[in-house]
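What's in query-v2.csv: CSV, C-alpha atoms
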```
chain,number,residue,atom,x,y,z
B,202,MET,CA,0.0,0.0,0.0
B,203,ASP,CA,1.3,3.5,-0.9
B,204,GLU,CA,2.2,5.8,1.9
B,205,PRO,CA,-0.9,7.9,2.8
B,206,THR,CA,-0.7,11.4,1.4
B,207,LEU,CA,-0.6,14.7,3.4
B,208,THR,CA,-3.9,16.4,2.7
B,209,GLU,CA,-5.4,19.7,3.9
B,210,ARG,CA,-8.6,20.8,5.4
B,211,GLY,CA,-10.0,24.3,5.2
B,212,SER,CA,-8.1,26.9,3.2
B,213,CYS,CA,-4.9,26.2,1.5
B,214,LEU,CA,-1.7,26.3,3.4
B,215,HIS,CA,0.1,29.6,3.3
B,216,PRO,CA,3.3,29.3,1.3
B,217,LEU,CA,5.4,30.5,4.2
B,218,LEU,CA,4.1,27.5,6.2
B,219,GLY,CA,5.6,25.1,3.7
B,220,GLN,CA,8.9,24.7,5.5
B,221,PHE,CA,7.2,24.3,8.8
B,222,ALA,CA,4.8,21.7,7.4
B,223,GLY,CA,7.5,19.7,5.8
B,224,GLN,CA,9.2,19.3,9.2
B,225,LEU,CA,6.1,18.1,11.0
B,226,LYS,CA,5.5,14.5,11.7
B,227,LYS,CA,2.5,13.1,9.9
B,228,GLN,CA,-0.2,12.2,12.4
B,229,ASN,CA,-3.4,10.1,12.0
B,230,VAL,CA,-6.5,12.1,12.6
B,231,ASP,CA,-9.6,10.1,13.5
B,232,ASP,CA,-12.4,11.7,11.7
B,233,GLY,CA,-13.9,8.7,10.0
B,234,ILE,CA,-11.6,8.7,7.0
B,235,PRO,CA,-9.2,5.8,7.5
B,236,HIS,CA,-5.5,5.9,6.6
B,237,VAL,CA,-5.5,9.7,6.0
B,238,ARG,CA,-2.7,11.8,7.6
B,239,LYS,CA,-3.1,15.5,7.4
B,240,ILE,CA,-2.3,19.0,8.7
B,241,VAL,CA,-5.4,20.8,9.7
B,242,VAL,CA,-5.5,24.5,8.9
B,243,GLY,CA,-7.0,26.8,11.4
B,244,SER,CA,-8.5,30.0,10.2
B,245,ASP,CA,-11.5,28.5,8.3
B,246,LEU,CA,-11.8,25.7,10.7
B,247,LEU,CA,-12.2,27.8,13.8
B,248,ALA,CA,-15.6,29.0,12.6
B,249,SER,CA,-16.9,25.5,13.2
B,250,TYR,CA,-15.6,25.1,16.7
B,251,ARG,CA,-16.6,27.0,19.8
B,252,VAL,CA,-13.8,27.2,22.4
B,253,GLU,CA,-15.3,26.8,25.8
B,254,PRO,CA,-13.7,28.7,28.7
B,255,MET,CA,-11.4,26.5,30.8
B,256,SER,CA,-9.5,27.2,34.0
B,257,PHE,CA,-5.8,27.8,33.6
B,258,GLU,CA,-5.1,27.8,37.4
B,259,PRO,CA,-1.8,26.0,38.1
B,260,SER,CA,-1.7,22.6,39.7
B,261,ILE,CA,1.8,21.6,40.8
B,262,ASN,CA,2.8,18.5,42.7
B,263,SER,CA,5.7,19.4,45.0
B,264,GLY,CA,9.0,17.7,44.2
B,265,GLN,CA,8.1,16.8,40.7
B,266,THR,CA,10.6,18.1,38.0
B,267,THR,CA,8.2,17.9,35.1
B,268,GLY,CA,5.2,19.7,36.6
B,269,SER,CA,1.5,18.6,36.3
B,270,ALA,CA,-0.3,17.7,33.1
B,271,ARG,CA,-1.8,20.6,31.2
B,272,PRO,CA,-4.7,19.3,29.1
B,273,PRO,CA,-5.5,19.3,26.2
B,274,VAL,CA,-2.7,16.9,25.5
B,275,PRO,CA,-1.4,15.5,22.2
B,276,PRO,CA,-2.2,14.1,19.8
B,277,PHE,CA,-4.3,17.2,19.1
B,278,THR,CA,-7.7,17.2,17.4
B,279,PRO,CA,-9.4,20.3,15.7
B,280,ASP,CA,-11.2,21.0,19.0
B,281,SER,CA,-8.4,20.4,21.4
B,282,ALA,CA,-5.9,22.4,19.3
B,283,ALA,CA,-8.3,25.4,19.2
B,284,ARG,CA,-8.8,25.1,22.9
B,285,LYS,CA,-5.1,24.9,23.6
B,286,VAL,CA,-4.6,28.1,21.7
B,287,ARG,CA,-7.4,29.9,23.6
B,288,LEU,CA,-6.1,28.7,27.0
B,289,ALA,CA,-2.6,30.1,26.1
B,290,GLU,CA,-4.2,33.4,25.1
B,291,ASP,CA,-6.2,33.6,28.4
B,292,ALA,CA,-3.1,32.8,30.4
B,293,TRP,CA,-0.9,35.5,28.7
B,294,ASN,CA,-3.6,38.1,29.1
B,295,THR,CA,-3.3,37.7,32.9
B,296,ARG,CA,0.2,39.2,32.5
B,297,ASN,CA,1.3,36.9,35.4
B,298,PRO,CA,4.7,35.5,34.6
B,299,GLU,CA,4.7,32.8,37.3
B,300,ARG,CA,1.3,31.5,36.2
B,301,VAL,CA,2.2,31.6,32.5
B,302,SER,CA,5.4,29.7,33.1
B,303,LEU,CA,3.6,26.7,34.5
B,304,ALA,CA,2.3,25.8,31.0
B,305,TYR,CA,5.9,25.0,29.9
B,306,THR,CA,8.3,22.2,30.8
B,307,VAL,CA,10.9,23.1,33.4
B,308,ASP,CA,13.6,23.0,30.7
B,309,SER,CA,11.4,24.5,27.9
B,310,ARG,CA,13.4,26.3,25.2
B,311,TRP,CA,12.2,29.5,23.5
B,312,ARG,CA,13.3,31.8,20.8
B,313,ASN,CA,11.4,35.1,21.2
B,314,ARG,CA,12.4,37.6,18.6
B,315,HIS,CA,16.2,37.7,19.1
B,316,GLU,CA,16.3,36.3,22.6
B,317,PHE,CA,17.0,32.7,23.5
B,318,ILE,CA,15.4,31.5,26.8
B,319,HIS,CA,15.9,28.2,28.6
B,320,GLY,CA,13.8,27.0,31.5
B,321,ARG,CA,11.0,28.4,33.7
B,322,ALA,CA,13.2,30.7,35.7
B,323,GLU,CA,14.3,32.5,32.5
B,324,ILE,CA,10.7,32.5,31.2
B,325,VAL,CA,9.6,34.3,34.4
B,326,GLU,CA,12.4,36.8,34.2
B,327,PHE,CA,11.7,37.5,30.5
B,328,LEU,CA,7.9,37.9,31.0
B,329,THR,CA,8.5,40.2,34.0
B,330,ARG,CA,10.6,42.5,31.8
B,331,LYS,CA,8.1,42.3,28.9
B,332,TRP,CA,5.1,43.3,30.9
B,333,GLN,CA,7.0,46.1,32.7
B,334,ARG,CA,7.6,47.6,29.3
B,335,GLU,CA,4.3,46.7,27.6
B,336,SER,CA,1.4,48.5,29.4
B,337,ASP,CA,-2.3,47.8,28.8
B,338,TYR,CA,-1.4,44.6,27.0
B,339,ARG,CA,-4.2,42.8,25.2
B,340,LEU,CA,-3.5,39.7,23.1
B,341,ILE,CA,-5.5,37.7,20.5
B,342,LYS,CA,-4.2,34.3,19.3
B,343,GLU,CA,-5.5,32.2,16.4
B,344,LEU,CA,-4.9,28.6,15.4
B,345,TRP,CA,-3.1,28.3,12.1
B,346,ALA,CA,-2.3,24.6,11.8
B,347,PHE,CA,-1.6,21.6,13.9
B,348,THR,CA,-0.4,18.0,13.7
B,349,GLY,CA,0.4,15.4,16.4
B,350,ASP,CA,2.3,17.2,19.2
B,351,ARG,CA,2.8,20.5,17.4
B,352,ILE,CA,0.7,23.7,16.8
B,353,ALA,CA,1.3,26.7,14.7
B,354,VAL,CA,-0.3,30.0,15.8
B,355,ARG,CA,-0.6,33.6,14.6
B,356,PHE,CA,-1.3,36.4,17.1
B,357,ALA,CA,-1.4,40.1,17.6
B,358,TYR,CA,-1.3,42.2,20.7
B,359,GLU,CA,-1.7,45.9,21.4
B,360,TRP,CA,0.2,47.9,24.1
B,361,HIS,CA,1.8,51.2,24.9
B,362,ASP,CA,5.2,52.2,26.3
B,363,ALA,CA,6.0,54.5,29.2
B,364,GLU,CA,5.7,57.5,26.9
B,365,GLY,CA,2.2,56.6,25.8
B,366,ASN,CA,3.2,55.5,22.3
B,367,TRP,CA,0.9,52.7,21.1
B,368,PHE,CA,1.9,49.6,19.1
B,369,ARG,CA,0.3,46.6,17.6
B,370,SER,CA,2.7,43.6,17.5
B,371,TYR,CA,2.1,40.9,15.0
B,372,GLY,CA,3.6,37.4,15.4
B,373,ASN,CA,3.8,33.8,14.5
B,374,GLU,CA,4.6,30.9,16.9
B,375,ASN,CA,5.6,27.3,16.5
B,376,TRP,CA,4.9,25.1,19.6
B,377,LYS,CA,5.9,21.6,20.5
B,378,PHE,CA,4.4,19.7,23.5
B,379,ASP,CA,5.3,16.8,25.6
B,380,GLU,CA,2.9,13.9,26.4
B,381,ALA,CA,1.5,15.8,29.4
B,382,GLY,CA,0.6,18.9,27.3
B,383,LEU,CA,3.4,21.0,28.6
B,384,MET,CA,5.2,23.1,26.0
B,385,LEU,CA,8.7,21.9,25.2
B,386,ALA,CA,9.6,24.5,22.6
B,387,ARG,CA,8.3,27.9,21.5
B,388,HIS,CA,9.7,29.8,18.5
B,389,ALA,CA,8.2,33.3,18.1
B,390,SER,CA,8.8,35.9,15.4
B,391,ILE,CA,7.3,39.3,16.1
B,392,ASN,CA,7.1,42.7,14.4
B,393,ASP,CA,5.9,45.9,16.0
B,394,LEU,CA,3.7,48.4,14.1
B,395,ALA,CA,3.3,51.9,15.6
B,396,ILE,CA,-0.3,53.0,15.7
B,397,ARG,CA,-2.3,56.0,16.9
B,398,GLU,CA,-4.4,55.5,20.0
B,399,ASN,CA,-7.6,55.9,17.9
B,400,GLU,CA,-6.5,53.0,15.7
B,401,ARG,CA,-6.7,50.5,18.5
B,402,LEU,CA,-8.9,47.5,18.0
B,403,PHE,CA,-8.7,45.7,21.3
B,404,HIS,CA,-10.7,47.3,24.0
B,405,TRP,CA,-12.1,44.7,26.4
B,406,ASP,CA,-11.8,45.0,30.2
B,407,ILE,CA,-8.1,44.2,30.8
B,408,SER,CA,-9.0,42.5,34.1
B,409,ASN,CA,-10.9,39.8,32.3
B,410,ARG,CA,-10.3,37.3,29.4
B,411,ARG,CA,-11.3,38.4,25.9
B,412,PRO,CA,-15.0,37.9,25.7
B,413,ASP,CA,-16.2,34.9,23.7
B,414,GLY,CA,-18.2,37.2,21.3
B,415,HIS,CA,-15.2,39.4,20.6
B,416,ALA,CA,-14.0,39.4,17.0
B,417,SER,CA,-11.1,37.1,16.0
B,418,LEU,CA,-8.0,38.2,14.2
B,419,SER,CA,-9.5,37.0,10.9
B,420,GLU,CA,-12.8,38.8,11.6
B,421,LEU,CA,-10.8,42.0,12.4
B,422,GLY,CA,-8.9,41.7,9.1
B,423,LEU,CA,-5.6,41.4,10.9
```
Whole structure given in structure tokens:
Amino acid sequence: MDEPTLTERGSCLHPLLGQFAGQLKKQNVDDGIPHVRKIVVGSDLLASYRVEPMSFEPSINSGQTTGSARPPVPPFTPDSAARKVRLAEDAWNTRNPERVSLAYTVDSRWRNRHEFIHGRAEIVEFLTRKWQRESDYRLIKELWAFTGDRIAVRFAYEWHDAEGNWFRSYGNENWKFDEAGLMLARHASINDLAIRENERLFHWDISNRRPDGHASLSELGL
């Protein structure tokens, strides 16, 4: 029997995702079509899935080096991948470095822009610096693609500096998870666009998660 082909669902893969897709392990997706391995593309697919709010409060067992499980866990499905992205968005919008760090393995490796970060202590230090500089931070993430233990995400966040200058930062992330759903690796490329305050698009109450009815990045044309 010939090797099953890599197929797509939703819109076509963006050309820039080709290199990423080529590196991903092919993963069976149980959707009633036997012997098909695929990458599932996010922007069109998300319209069919409602992401339910889910607690991201930490649960840590003292003395363990790997930390607690963080569901959803791989292998991901369309629903669980979308939920994983929304949970990450909700956690980052708390702007709480310690809480955010618990979603990553103790030895997680990041590249964030030009910085290379290793382990939870460095993650906390990095995020502390980040949110000291980026005030009134509001973030929206959107699933781009997934397979097996990996997820690709695009995102945008708005913030201002100490002088009151506003920015919208656009980025793409590649995530890899362990079997417990903790993130082993995060690669993020980000660009900052200066905007006027009246050009802001993210206005929800910063003390809460983004409302479920709030427009997505695709719906905002971002």
For Pro298 (chain B), work out the shell of residues within 7 Å, counting all atoms listed in the file and skipping chain neighbours fewer than 3 positions away, then give it as a VMD selection string. chain B and resid 301 to 302 325 328 to 329
Among B:Phe368, B:Ala386, B:Asp362, B:Arg339, His404 (chain B) is approached most closely, using all atoms listed in the file, by B:Arg339
Pairwise distance for CA of Arg314 (chain B) and CA of Pro412 (chain B), rounded to one decimal in Å: 28.3 Å
Calculated over all atoms listed in the file, which of the candidates B:His319, B:Trp293, B:Leu402, B:Asn373 has the smallest distance to Ala416 (chain B)?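 Of all the options, B:Leu402 lies closest to Ala416 (chain B).
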List as a short mmCIF file (atom, residue, chain, number, x, y, z; two decimals) with C-alpha atoms, keeping the file's coordinate frame: which residues have an atom within 12 Å of (14.3, 28.3, 35.6), counting only C-alpha atoms?
```cif
data_model
loop_
_atom_site.label_atom_id
_atom_site.label_comp_id
_atom_site.auth_asym_id
_atom_site.auth_seq_id
_atom_site.Cartn_x
_atom_site.Cartn_y
_atom_site.Cartn_z
CA THR B 266 10.60 18.10 38.00
CA GLU B 299 4.70 32.80 37.30
CA SER B 302 5.40 29.70 33.10
CA LEU B 303 3.60 26.70 34.50
CA TYR B 305 5.90 25.00 29.90
CA THR B 306 8.30 22.20 30.80
CA VAL B 307 10.90 23.10 33.40
CA ASP B 308 13.60 23.00 30.70
CA SER B 309 11.40 24.50 27.90
CA ARG B 310 13.40 26.30 25.20
CA ILE B 318 15.40 31.50 26.80
CA HIS B 319 15.90 28.20 28.60
CA GLY B 320 13.80 27.00 31.50
CA ARG B 321 11.00 28.40 33.70
CA ALA B 322 13.20 30.70 35.70
CA GLU B 323 14.30 32.50 32.50
CA ILE B 324 10.70 32.50 31.20
CA VAL B 325 9.60 34.30 34.40
CA GLU B 326 12.40 36.80 34.20
CA PHE B 327 11.70 37.50 30.50
#
```
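Interatomic distance, CA of Glu400 (chain B) to CA of Asn297 (chain B): 26.6 Å.
Compared by their closest atoms to Lys342 (chain B), and using only C-alpha atoms, the residues B:Ala381, B:Ile407, B:Ala304, B:Ala357 rank with B:Ala357 nearest.
Residue nearest Leu394 (chain B) within the list B:Arg330, B:Arg410, B:His361, B:Lys285: B:His361 [criterion: smallest interatomic distance, all atoms listed in the file].
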For Tyr371 (chain B), please output as an NGL selection string all residues within 12 Å (counting all atoms listed in the file; exclusion window: fewer than 4 positions along the same chain). :B and (314 or 340-343 or 354-360 or 389-395 or 418 or 423)
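Note that CA of Arg334 (chain B) and CA of Asn399 (chain B) are 20.7 Å apart.
Proximity ranking of B:Ser417, B:His315, B:Arg284, B:Gly382 relative to Gly349 (chain B) places B:Gly382 first, based on only C-alpha atoms.
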Selected residue of minimal separation from Arg312 (chain B) among B:Thr348, B:Ser281, B:Asn375, B:Ser419, counting all atoms listed in the file: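 Ranking B:Thr348, B:Ser281, B:Asn375, B:Ser419 by distance to Arg312 (chain B), first place goes to B:Asn375.
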